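Structure file upload_2.cif (mmCIF, C-alpha atoms) is printed below.
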data_input
#
loop_
_atom_site.group_PDB
_atom_site.id
_atom_site.type_symbol
_atom_site.label_atom_id
_atom_site.label_comp_id
_atom_site.auth_asym_id
_atom_site.auth_seq_id
_atom_site.Cartn_x
_atom_site.Cartn_y
_atom_site.Cartn_z
ATOM 1 C CA MET H 1 5.644 8.886 -8.455
ATOM 2 C CA ASN H 2 3.204 11.680 -7.634
ATOM 3 C CA ASP H 3 0.825 11.617 -4.669
ATOM 4 C CA LEU H 4 -2.199 10.417 -6.644
ATOM 5 C CA GLN H 5 -0.203 7.677 -8.376
ATOM 6 C CA TYR H 6 1.174 6.498 -5.029
ATOM 7 C CA GLU H 7 -2.318 6.453 -3.507
ATOM 8 C CA ILE H 8 -3.733 4.508 -6.470
ATOM 9 C CA VAL H 9 -1.032 1.819 -6.229
ATOM 10 C CA LYS H 10 -1.200 1.594 -2.430
ATOM 11 C CA THR H 11 -5.002 1.349 -2.336
ATOM 12 C CA THR H 12 -5.099 -1.163 -5.203
ATOM 13 C CA VAL H 13 -2.644 -3.445 -3.373
ATOM 14 C CA LYS H 14 -4.877 -3.374 -0.296
ATOM 15 C CA LYS H 15 -8.002 -4.023 -2.351
ATOM 16 C CA ALA H 16 -6.447 -6.807 -4.416
ATOM 17 C CA HIS H 17 -5.255 -8.652 -1.326
ATOM 18 C CA LEU H 18 -6.138 -7.105 2.010
ATOM 19 C CA PHE H 19 -4.276 -8.750 4.885
ATOM 20 C CA GLN H 20 -6.786 -10.331 7.254
ATOM 21 C CA ILE H 21 -5.705 -12.142 10.396
ATOM 22 C CA SER H 22 -9.046 -13.993 10.360
ATOM 23 C CA ARG H 23 -8.122 -15.536 6.989
ATOM 24 C CA VAL H 24 -4.754 -16.622 8.398
ATOM 25 C CA VAL H 25 -6.481 -18.305 11.347
ATOM 26 C CA ILE H 26 -9.082 -20.040 9.140
ATOM 27 C CA ASN H 27 -6.445 -21.291 6.683
ATOM 28 C CA SER H 28 -4.310 -22.482 9.594
ATOM 29 C CA VAL H 29 -7.226 -24.486 10.999
ATOM 30 C CA ILE H 30 -7.790 -26.037 7.555
ATOM 31 C CA PHE H 31 -4.082 -26.890 7.240
ATOM 32 C CA ILE H 32 -3.781 -28.544 10.683
ATOM 33 C CA PRO H 33 -5.612 -31.841 9.830
ATOM 34 C CA PHE H 34 -3.315 -32.390 6.843
ATOM 35 C CA ALA H 35 -0.283 -31.801 9.048
ATOM 36 C CA LEU H 36 -1.652 -34.277 11.607
ATOM 37 C CA ILE H 37 -2.014 -36.917 8.865
ATOM 38 C CA VAL H 38 1.606 -36.345 7.781
ATOM 39 C CA PHE H 39 2.790 -36.769 11.386
ATOM 40 C CA TRP H 40 0.684 -39.928 11.727
ATOM 41 C CA ILE H 41 2.075 -41.411 8.480
ATOM 42 C CA ALA H 42 5.595 -40.567 9.641
ATOM 43 C CA ALA H 43 4.818 -42.413 12.901
ATOM 44 C CA ILE H 44 5.596 -39.330 14.964
ATOM 45 C CA VAL H 45 4.132 -39.548 18.437
ATOM 46 C CA LEU H 46 1.385 -36.983 18.914
ATOM 47 C CA ASN H 47 1.740 -35.259 22.248
ATOM 48 C CA TRP H 48 1.283 -31.675 23.366
ATOM 49 C CA ILE H 49 4.745 -30.737 22.021
ATOM 50 C CA SER H 50 4.171 -32.155 18.519
ATOM 51 C CA ILE H 51 0.621 -30.758 18.374
ATOM 52 C CA SER H 52 1.902 -27.325 19.448
ATOM 53 C CA MET H 53 4.535 -27.584 16.730
ATOM 54 C CA ILE H 54 1.853 -28.409 14.131
ATOM 55 C CA VAL H 55 -0.252 -25.418 15.186
ATOM 56 C CA PHE H 56 2.776 -23.115 15.039
ATOM 57 C CA ILE H 57 3.906 -24.401 11.622
ATOM 58 C CA SER H 58 0.374 -24.086 10.238
ATOM 59 C CA PHE H 59 0.001 -20.516 11.450
ATOM 60 C CA PHE H 60 3.497 -19.519 10.305
ATOM 61 C CA TYR H 61 2.992 -21.072 6.856
ATOM 62 C CA THR H 62 -0.340 -19.341 6.199
ATOM 63 C CA PHE H 63 0.928 -16.039 7.631
ATOM 64 C CA LEU H 64 4.010 -16.162 5.391
ATOM 65 C CA LYS H 65 1.849 -17.104 2.388
ATOM 66 C CA GLU H 66 -0.355 -14.031 2.949
ATOM 67 C CA LEU H 67 2.683 -11.743 3.113
ATOM 68 C CA MET H 68 4.142 -13.263 -0.057
ATOM 69 C CA ILE H 69 0.886 -12.729 -1.980
ATOM 70 C CA ILE H 70 0.733 -9.095 -0.858
ATOM 71 C CA SER H 71 4.392 -8.601 -1.814
ATOM 72 C CA ARG H 72 3.809 -10.199 -5.217
ATOM 73 C CA THR H 73 0.770 -7.989 -5.867
ATOM 74 C CA LYS H 74 2.772 -4.884 -5.002
ATOM 75 C CA LYS H 75 5.680 -5.965 -7.240
ATOM 76 C CA THR H 76 3.280 -6.643 -10.111
ATOM 77 C CA LEU H 77 1.805 -3.143 -9.898
ATOM 78 C CA ILE H 78 5.179 -1.434 -9.563
ATOM 79 C CA ASN H 79 6.641 -3.416 -12.482
ATOM 80 C CA GLN H 80 3.592 -2.702 -14.635
ATOM 81 C CA SER H 81 3.903 0.995 -13.820
ATOM 82 C CA LYS H 82 7.638 1.129 -14.589
ATOM 83 C CA PHE H 83 7.226 -0.777 -17.846
ATOM 84 C CA LEU H 84 4.306 1.372 -18.986
ATOM 85 C CA MET H 85 5.958 4.674 -18.091
ATOM 86 C CA SER H 86 9.234 3.719 -19.793
ATOM 87 C CA LYS H 87 7.396 2.691 -22.950
ATOM 88 C CA ASN H 88 4.995 5.660 -22.953
ATOM 89 C CA THR H 89 7.205 8.513 -21.780
ATOM 90 C CA ASP H 90 4.402 11.083 -21.989
ATOM 91 C CA ALA H 91 2.043 9.049 -19.803
ATOM 92 C CA THR H 92 0.897 10.992 -16.743
ATOM 93 C CA LEU H 93 -1.101 8.377 -14.824
ATOM 94 C CA TYR H 94 -1.027 4.575 -14.565
ATOM 95 C CA ILE H 95 -4.333 3.056 -13.447
ATOM 96 C CA PRO H 96 -4.192 -0.662 -12.569
ATOM 97 C CA ILE H 97 -7.379 -2.578 -13.240
ATOM 98 C CA LEU H 98 -8.903 -5.445 -11.301
ATOM 99 C CA GLU H 99 -11.113 -8.454 -11.865
ATOM 100 C CA LYS H 100 -13.402 -10.261 -9.442
ATOM 101 C CA VAL H 101 -13.880 -14.003 -9.153
ATOM 102 C CA GLY H 102 -16.566 -14.626 -6.579
ATOM 103 C CA LYS H 103 -15.612 -12.549 -3.562
ATOM 104 C CA LYS H 104 -11.914 -12.435 -4.445
ATOM 105 C CA THR H 105 -10.298 -9.516 -6.263
ATOM 106 C CA PHE H 106 -7.222 -9.871 -8.463
ATOM 107 C CA VAL H 107 -4.928 -7.594 -10.468
ATOM 108 C CA LYS H 108 -5.431 -8.021 -14.218
ATOM 109 C CA SER H 109 -2.559 -8.112 -16.693
ATOM 110 C CA SER H 110 -3.893 -4.847 -18.123
ATOM 111 C CA ALA H 111 -4.102 -1.224 -17.067
ATOM 112 C CA LEU H 112 -5.481 2.130 -18.098
ATOM 113 C CA PHE H 113 -3.231 5.103 -18.600
ATOM 114 C CA ILE H 114 -3.619 8.737 -19.538
ATOM 115 C CA GLN H 115 -1.280 10.349 -22.040
ATOM 116 C CA LYS H 116 -1.656 13.792 -23.619
ATOM 117 C CA ASP H 117 -5.279 14.046 -22.439
ATOM 118 C CA LYS H 118 -6.171 10.717 -24.044
ATOM 119 C CA LEU H 119 -7.154 7.434 -22.419
ATOM 120 C CA PHE H 120 -5.526 4.117 -23.343
ATOM 121 C CA LEU H 121 -5.742 0.481 -22.348
ATOM 122 C CA GLU H 122 -2.401 -1.292 -21.957
ATOM 123 C CA ALA H 123 -2.405 -5.101 -22.185
ATOM 124 C CA PHE H 124 0.736 -6.650 -20.679
ATOM 125 C CA ARG H 125 2.458 -9.890 -21.576
ATOM 126 C CA SER H 126 4.758 -11.659 -19.137
ATOM 127 C CA THR H 127 6.294 -15.068 -18.613
ATOM 128 C CA TYR H 128 4.546 -17.536 -16.327
ATOM 129 C CA PHE H 129 4.773 -16.575 -12.628
ATOM 130 C CA SER H 130 6.773 -13.438 -13.449
ATOM 131 C CA THR H 131 5.708 -10.034 -12.110
ATOM 132 C CA LYS H 132 7.631 -8.194 -14.849
ATOM 133 C CA PRO H 133 5.988 -7.530 -18.228
ATOM 134 C CA THR H 134 8.038 -8.509 -21.265
ATOM 135 C CA ASP H 135 5.840 -6.814 -23.848
ATOM 136 C CA SER H 136 2.582 -4.903 -24.148
ATOM 137 C CA ILE H 137 0.147 -3.410 -26.612
ATOM 138 C CA SER H 138 -1.587 -0.036 -26.291
ATOM 139 C CA VAL H 139 -5.200 0.378 -27.398
ATOM 140 C CA PRO H 140 -6.496 3.975 -27.610
ATOM 141 C CA TYR H 141 -9.947 4.760 -26.274
ATOM 142 C CA GLY H 142 -12.342 4.861 -29.206
ATOM 143 C CA LYS H 143 -13.249 2.349 -31.905
ATOM 144 C CA ASP H 144 -11.321 -0.672 -30.574
ATOM 145 C CA PHE H 145 -11.716 0.084 -26.860
ATOM 146 C CA GLU H 146 -14.827 1.705 -25.484
ATOM 147 C CA ILE H 147 -16.343 1.990 -22.017
ATOM 148 C CA THR H 148 -20.117 2.113 -22.315
ATOM 149 C CA GLU H 149 -21.128 1.949 -18.652
ATOM 150 C CA ALA H 150 -19.568 2.836 -15.318
ATOM 151 C CA LYS H 151 -20.939 2.086 -11.881
ATOM 152 C CA LEU H 152 -19.706 3.145 -8.466
ATOM 153 C CA ILE H 153 -19.990 0.444 -5.806
ATOM 154 C CA PRO H 154 -19.550 2.430 -2.551
ATOM 155 C CA GLU H 155 -19.786 -0.565 -0.199
ATOM 156 C CA GLU H 156 -16.818 -2.203 -1.936
ATOM 157 C CA HIS H 157 -14.915 1.019 -2.729
ATOM 158 C CA LEU H 158 -14.752 -0.098 -6.360
ATOM 159 C CA ILE H 159 -15.831 1.186 -9.748
ATOM 160 C CA LYS H 160 -17.189 -1.363 -12.222
ATOM 161 C CA TYR H 161 -16.759 -0.716 -15.933
ATOM 162 C CA SER H 162 -18.482 -2.404 -18.863
ATOM 163 C CA GLY H 163 -17.567 -1.913 -22.486
ATOM 164 C CA THR H 164 -15.993 -3.513 -25.515
ATOM 165 C CA LEU H 165 -12.456 -4.427 -26.518
ATOM 166 C CA MET H 166 -11.951 -5.412 -30.151
ATOM 167 C CA ASP H 167 -15.739 -5.893 -30.478
ATOM 168 C CA THR H 168 -15.787 -8.253 -27.484
ATOM 169 C CA GLU H 169 -17.508 -7.534 -24.166
ATOM 170 C CA TYR H 170 -14.991 -6.328 -21.609
ATOM 171 C CA HIS H 171 -15.570 -5.844 -17.881
ATOM 172 C CA PHE H 172 -13.164 -4.700 -15.200
ATOM 173 C CA TYR H 173 -12.858 -2.743 -11.952
ATOM 174 C CA THR H 174 -10.707 0.009 -10.504
ATOM 175 C CA ILE H 175 -10.524 1.335 -6.991
ATOM 176 C CA ASP H 176 -12.827 4.199 -6.049
ATOM 177 C CA LEU H 177 -10.740 7.298 -5.307
ATOM 178 C CA PRO H 178 -11.927 10.925 -5.713
ATOM 179 C CA GLY H 179 -8.685 11.891 -7.452
ATOM 180 C CA LEU H 180 -8.988 8.970 -9.871
ATOM 181 C CA ILE H 181 -12.622 9.774 -10.658
ATOM 182 C CA HIS H 182 -11.610 13.373 -11.324
ATOM 183 C CA GLN H 183 -8.983 12.204 -13.832
ATOM 184 C CA LEU H 184 -11.328 9.768 -15.592
ATOM 185 C CA SER H 185 -14.358 12.075 -15.604
ATOM 186 C CA THR H 186 -12.961 13.653 -18.781
ATOM 187 C CA PHE H 187 -13.882 10.394 -20.508
ATOM 188 C CA ILE H 188 -16.493 8.794 -18.254
ATOM 189 C CA THR H 189 -19.620 9.948 -16.422
ATOM 190 C CA PHE H 190 -20.043 8.169 -13.091
ATOM 191 C CA GLU H 191 -23.305 7.698 -11.259
ATOM 192 C CA LYS H 192 -23.507 6.173 -7.809
ATOM 193 C CA GLY H 193 -25.506 2.978 -7.644
ATOM 194 C CA ASN H 194 -26.794 3.126 -11.209
ATOM 195 C CA TYR H 195 -25.314 2.618 -14.613
ATOM 196 C CA LYS H 196 -24.664 5.757 -16.597
ATOM 197 C CA ASP H 197 -23.725 5.996 -20.248
ATOM 198 C CA VAL H 198 -20.175 7.129 -20.794
ATOM 199 C CA ASN H 199 -19.480 10.463 -22.401
ATOM 200 C CA THR H 200 -18.271 9.273 -25.802
ATOM 201 C CA THR H 201 -17.756 12.741 -27.219
ATOM 202 C CA GLN H 202 -13.999 13.075 -27.534
#

Could you render the structure as structure tokens?
Amino acid sequence: MNDLQYEIVKTTVKKAHLFQISRVVINSVIFIPFALIVFWIAAIVLNWISISMIVFISFFYTFLKELMIISRTKKTLINQSKFLMSKNTDATLYIPILEKVGKKTFVKSSALFIQKDKLFLEAFRSTYFSTKPTDSISVPYGKDFEITEAKLIPEEHLIKYSGTLMDTEYHFYTIDLPGLIHQLSTFITFEKGNYKDVNTTQ
């Protein structure tokens, strides 16, 4: 894995699920009332020892959950990369793509990759809850997959893309890295803060 590839994967993991102690605390506070109800139903006497135990369990559970999500995100990206590179042996760069639901950012089961100076979209298939792809399909940039607009979002360190996939509107994000922009600028023209038509001359 070259330096740029490593940086792309590392930064995408952080962006997809950045560890925040504030989120652990908030989720712990939300979890505590449910734990208190369980103790009450179980007829466990609530004193400072049992309450301290509830607080500790709540914090430990949410902390462990955060770490597991981060670990799963990292495994997903690494497994996608390995699968893609083994299938497309001439591929030089794997670019994971993201989606946003509200304020949350998730890794999509698709990725971009560059091979022999051409851009492709790779759509992965995997079994439920698995981080390892079992199959995938490659769509070359052009008639069936086209990016028509690209927008840099500096405050979020993301790039938003709009285009079409099999004649259907397709939107996704990638992280904003100078090295990544340099690689994609062969295909796409970026403009900070405003949409810019993609260079479709191949």

Could you list the residues chosen by the PyMOL selection byres ((chain H and resi 51-58) around 9) in this structure as a compact mmCIF listing (two decimals) with C-alpha atoms, keeping the file's coordinate frame?
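Listed below is the output, result08.txt:
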# COMPACT_ATOMS: atom_id res chain seq x y z
CA ASN H 27 -6.44 -21.29 6.68
CA SER H 28 -4.31 -22.48 9.59
CA VAL H 29 -7.23 -24.49 11.00
CA ILE H 30 -7.79 -26.04 7.56
CA PHE H 31 -4.08 -26.89 7.24
CA ILE H 32 -3.78 -28.54 10.68
CA ALA H 35 -0.28 -31.80 9.05
CA LEU H 36 -1.65 -34.28 11.61
CA PHE H 39 2.79 -36.77 11.39
CA LEU H 46 1.38 -36.98 18.91
CA ASN H 47 1.74 -35.26 22.25
CA TRP H 48 1.28 -31.68 23.37
CA ILE H 49 4.74 -30.74 22.02
CA SER H 50 4.17 -32.16 18.52
CA PHE H 59 0.00 -20.52 11.45
CA PHE H 60 3.50 -19.52 10.30
CA TYR H 61 2.99 -21.07 6.86
CA THR H 62 -0.34 -19.34 6.20
CA PHE H 63 0.93 -16.04 7.63

*Between CA of Ile95 in chain H and CA of Asp135 in chain H, what is the spacing in Å?*
17.6 Å

Quick one: apply the PyMOL selection byres ((chain H and resi 124) around 7) to the file and drop the selected residues here as a CSV table (one decimal) with C-alpha atoms, in the frame of the given file.
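Wrote selection.csv, looks like this:
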chain,number,residue,atom,x,y,z
H,109,SER,CA,-2.6,-8.1,-16.7
H,110,SER,CA,-3.9,-4.8,-18.1
H,122,GLU,CA,-2.4,-1.3,-22.0
H,123,ALA,CA,-2.4,-5.1,-22.2
H,125,ARG,CA,2.5,-9.9,-21.6
H,126,SER,CA,4.8,-11.7,-19.1
H,133,PRO,CA,6.0,-7.5,-18.2
H,135,ASP,CA,5.8,-6.8,-23.8
H,136,SER,CA,2.6,-4.9,-24.1
H,137,ILE,CA,0.1,-3.4,-26.6

Test item: which residues lie within 8 Å of (7.3, -1.4, -21.4) counting only C-alpha atoms, as a PDB file with C-alpha atoms, in the frame of the given file:
ATOM      1  CA  GLN H  80       3.592  -2.702 -14.635  1.00  0.00           C
ATOM      2  CA  LYS H  82       7.638   1.129 -14.589  1.00  0.00           C
ATOM      3  CA  PHE H  83       7.226  -0.777 -17.846  1.00  0.00           C
ATOM      4  CA  LEU H  84       4.306   1.372 -18.986  1.00  0.00           C
ATOM      5  CA  MET H  85       5.958   4.674 -18.091  1.00  0.00           C
ATOM      6  CA  SER H  86       9.234   3.719 -19.793  1.00  0.00           C
ATOM      7  CA  LYS H  87       7.396   2.691 -22.950  1.00  0.00           C
ATOM      8  CA  ASN H  88       4.995   5.660 -22.953  1.00  0.00           C
ATOM      9  CA  PRO H 133       5.988  -7.530 -18.228  1.00  0.00           C
ATOM     10  CA  THR H 134       8.038  -8.509 -21.265  1.00  0.00           C
ATOM     11  CA  ASP H 135       5.840  -6.814 -23.848  1.00  0.00           C
ATOM     12  CA  SER H 136       2.582  -4.903 -24.148  1.00  0.00           C
TER      13      SER H 136
END

_Once the PyMOL selection byres ((chain H and resi 78) around 12) has been evaluated on this model, what residues remain selected, and can you format them as a PyMOL selection string?_
chain H and resi 1+5-6+8-10+12-13+71-77+79-85+94-96+107+111+131-133

Would you give the centre and edge lengths, in Å to one decimal, of a box along x, y and z around the listed atoms of range 106-109 of chain H, with 8 Å added to each side, as lines of an AutoDock Vina configuration file?
center_x = -4.9
center_y = -8.7
center_z = -12.6
size_x = 20.7
size_y = 18.3
size_z = 24.2

Taking 3 positions as the minimum chain separation for residues in the same chain, which residues sit within 8 Å of Glu146 in chain H when counting all atoms listed in the file? Answer as a PDB file with C-alpha atoms, in the frame of the given file.
ATOM      1  CA  TYR H 141      -9.947   4.760 -26.274  1.00  0.00           C
ATOM      2  CA  GLY H 142     -12.342   4.861 -29.206  1.00  0.00           C
ATOM      3  CA  LYS H 143     -13.249   2.349 -31.905  1.00  0.00           C
ATOM      4  CA  GLY H 163     -17.567  -1.913 -22.486  1.00  0.00           C
ATOM      5  CA  THR H 164     -15.993  -3.513 -25.515  1.00  0.00           C
ATOM      6  CA  LEU H 165     -12.456  -4.427 -26.518  1.00  0.00           C
TER       7      LEU H 165
END

*Calculate how many Å separate CA of Leu158 in chain H from CA of Val101 in chain H, rounding to one decimal.*
14.2 Å

Incomplete range 150-175 of chain H filled out to N, CA and C atoms as a tab-separated table (two decimals), in the coordinates of the input:
chain	number	residue	atom	x	y	z
H	150	ALA	N	-20.42	2.78	-16.51
H	150	ALA	CA	-19.57	2.84	-15.32
H	150	ALA	C	-20.46	2.90	-14.09
H	151	LYS	N	-20.10	2.16	-13.08
H	151	LYS	CA	-20.94	2.09	-11.88
H	151	LYS	C	-20.07	2.15	-10.63
H	152	LEU	N	-20.39	3.07	-9.74
H	152	LEU	CA	-19.71	3.14	-8.47
H	152	LEU	C	-20.34	2.16	-7.50
H	153	ILE	N	-19.51	1.40	-6.81
H	153	ILE	CA	-19.99	0.44	-5.81
H	153	ILE	C	-19.42	0.89	-4.45
H	154	PRO	N	-20.10	1.82	-3.77
H	154	PRO	CA	-19.55	2.43	-2.55
H	154	PRO	C	-19.20	1.43	-1.46
H	155	GLU	N	-20.03	0.39	-1.29
H	155	GLU	CA	-19.79	-0.56	-0.20
H	155	GLU	C	-18.51	-1.38	-0.41
H	156	GLU	N	-18.05	-1.47	-1.65
H	156	GLU	CA	-16.82	-2.20	-1.94
H	156	GLU	C	-15.66	-1.28	-2.29
H	157	HIS	N	-15.93	0.02	-2.35
H	157	HIS	CA	-14.92	1.02	-2.73
H	157	HIS	C	-14.31	0.69	-4.09
H	158	LEU	N	-15.17	0.26	-5.01
H	158	LEU	CA	-14.75	-0.10	-6.36
H	158	LEU	C	-15.61	0.62	-7.40
H	159	ILE	N	-15.08	0.70	-8.60
H	159	ILE	CA	-15.83	1.19	-9.75
H	159	ILE	C	-15.85	0.05	-10.76
H	160	LYS	N	-17.05	-0.30	-11.23
H	160	LYS	CA	-17.19	-1.36	-12.22
H	160	LYS	C	-17.41	-0.74	-13.59
H	161	TYR	N	-16.66	-1.23	-14.57
H	161	TYR	CA	-16.76	-0.72	-15.93
H	161	TYR	C	-17.22	-1.84	-16.87
H	162	SER	N	-18.06	-1.48	-17.82
H	162	SER	CA	-18.48	-2.40	-18.86
H	162	SER	C	-18.26	-1.73	-20.21
H	163	GLY	N	-17.81	-2.50	-21.17
H	163	GLY	CA	-17.57	-1.91	-22.49
H	163	GLY	C	-17.18	-2.98	-23.48
H	164	THR	N	-16.44	-2.58	-24.49
H	164	THR	CA	-15.99	-3.51	-25.52
H	164	THR	C	-14.50	-3.32	-25.79
H	165	LEU	N	-13.86	-4.43	-26.11
H	165	LEU	CA	-12.46	-4.43	-26.52
H	165	LEU	C	-12.36	-5.31	-27.75
H	166	MET	N	-12.00	-4.69	-28.88
H	166	MET	CA	-11.95	-5.41	-30.15
H	166	MET	C	-13.28	-6.12	-30.43
H	167	ASP	N	-14.38	-5.39	-30.22
H	167	ASP	CA	-15.74	-5.89	-30.48
H	167	ASP	C	-16.15	-7.05	-29.57
H	168	THR	N	-15.44	-7.22	-28.46
H	168	THR	CA	-15.79	-8.25	-27.48
H	168	THR	C	-16.13	-7.59	-26.16
H	169	GLU	N	-17.14	-8.11	-25.46
H	169	GLU	CA	-17.51	-7.53	-24.17
H	169	GLU	C	-16.31	-7.55	-23.22
H	170	TYR	N	-16.15	-6.45	-22.50
H	170	TYR	CA	-14.99	-6.33	-21.61
H	170	TYR	C	-15.45	-5.67	-20.31
H	171	HIS	N	-15.17	-6.34	-19.19
H	171	HIS	CA	-15.57	-5.84	-17.88
H	171	HIS	C	-14.35	-5.81	-16.96
H	172	PHE	N	-14.27	-4.80	-16.15
H	172	PHE	CA	-13.16	-4.70	-15.20
H	172	PHE	C	-13.53	-3.73	-14.08
H	173	TYR	N	-12.65	-3.63	-13.10
H	173	TYR	CA	-12.86	-2.74	-11.95
H	173	TYR	C	-11.62	-1.88	-11.73
H	174	THR	N	-11.81	-0.75	-11.09
H	174	THR	CA	-10.71	0.01	-10.50
H	174	THR	C	-11.13	0.37	-9.09
H	175	ILE	N	-10.18	0.84	-8.31
H	175	ILE	CA	-10.52	1.34	-6.99
H	175	ILE	C	-11.31	2.64	-7.12
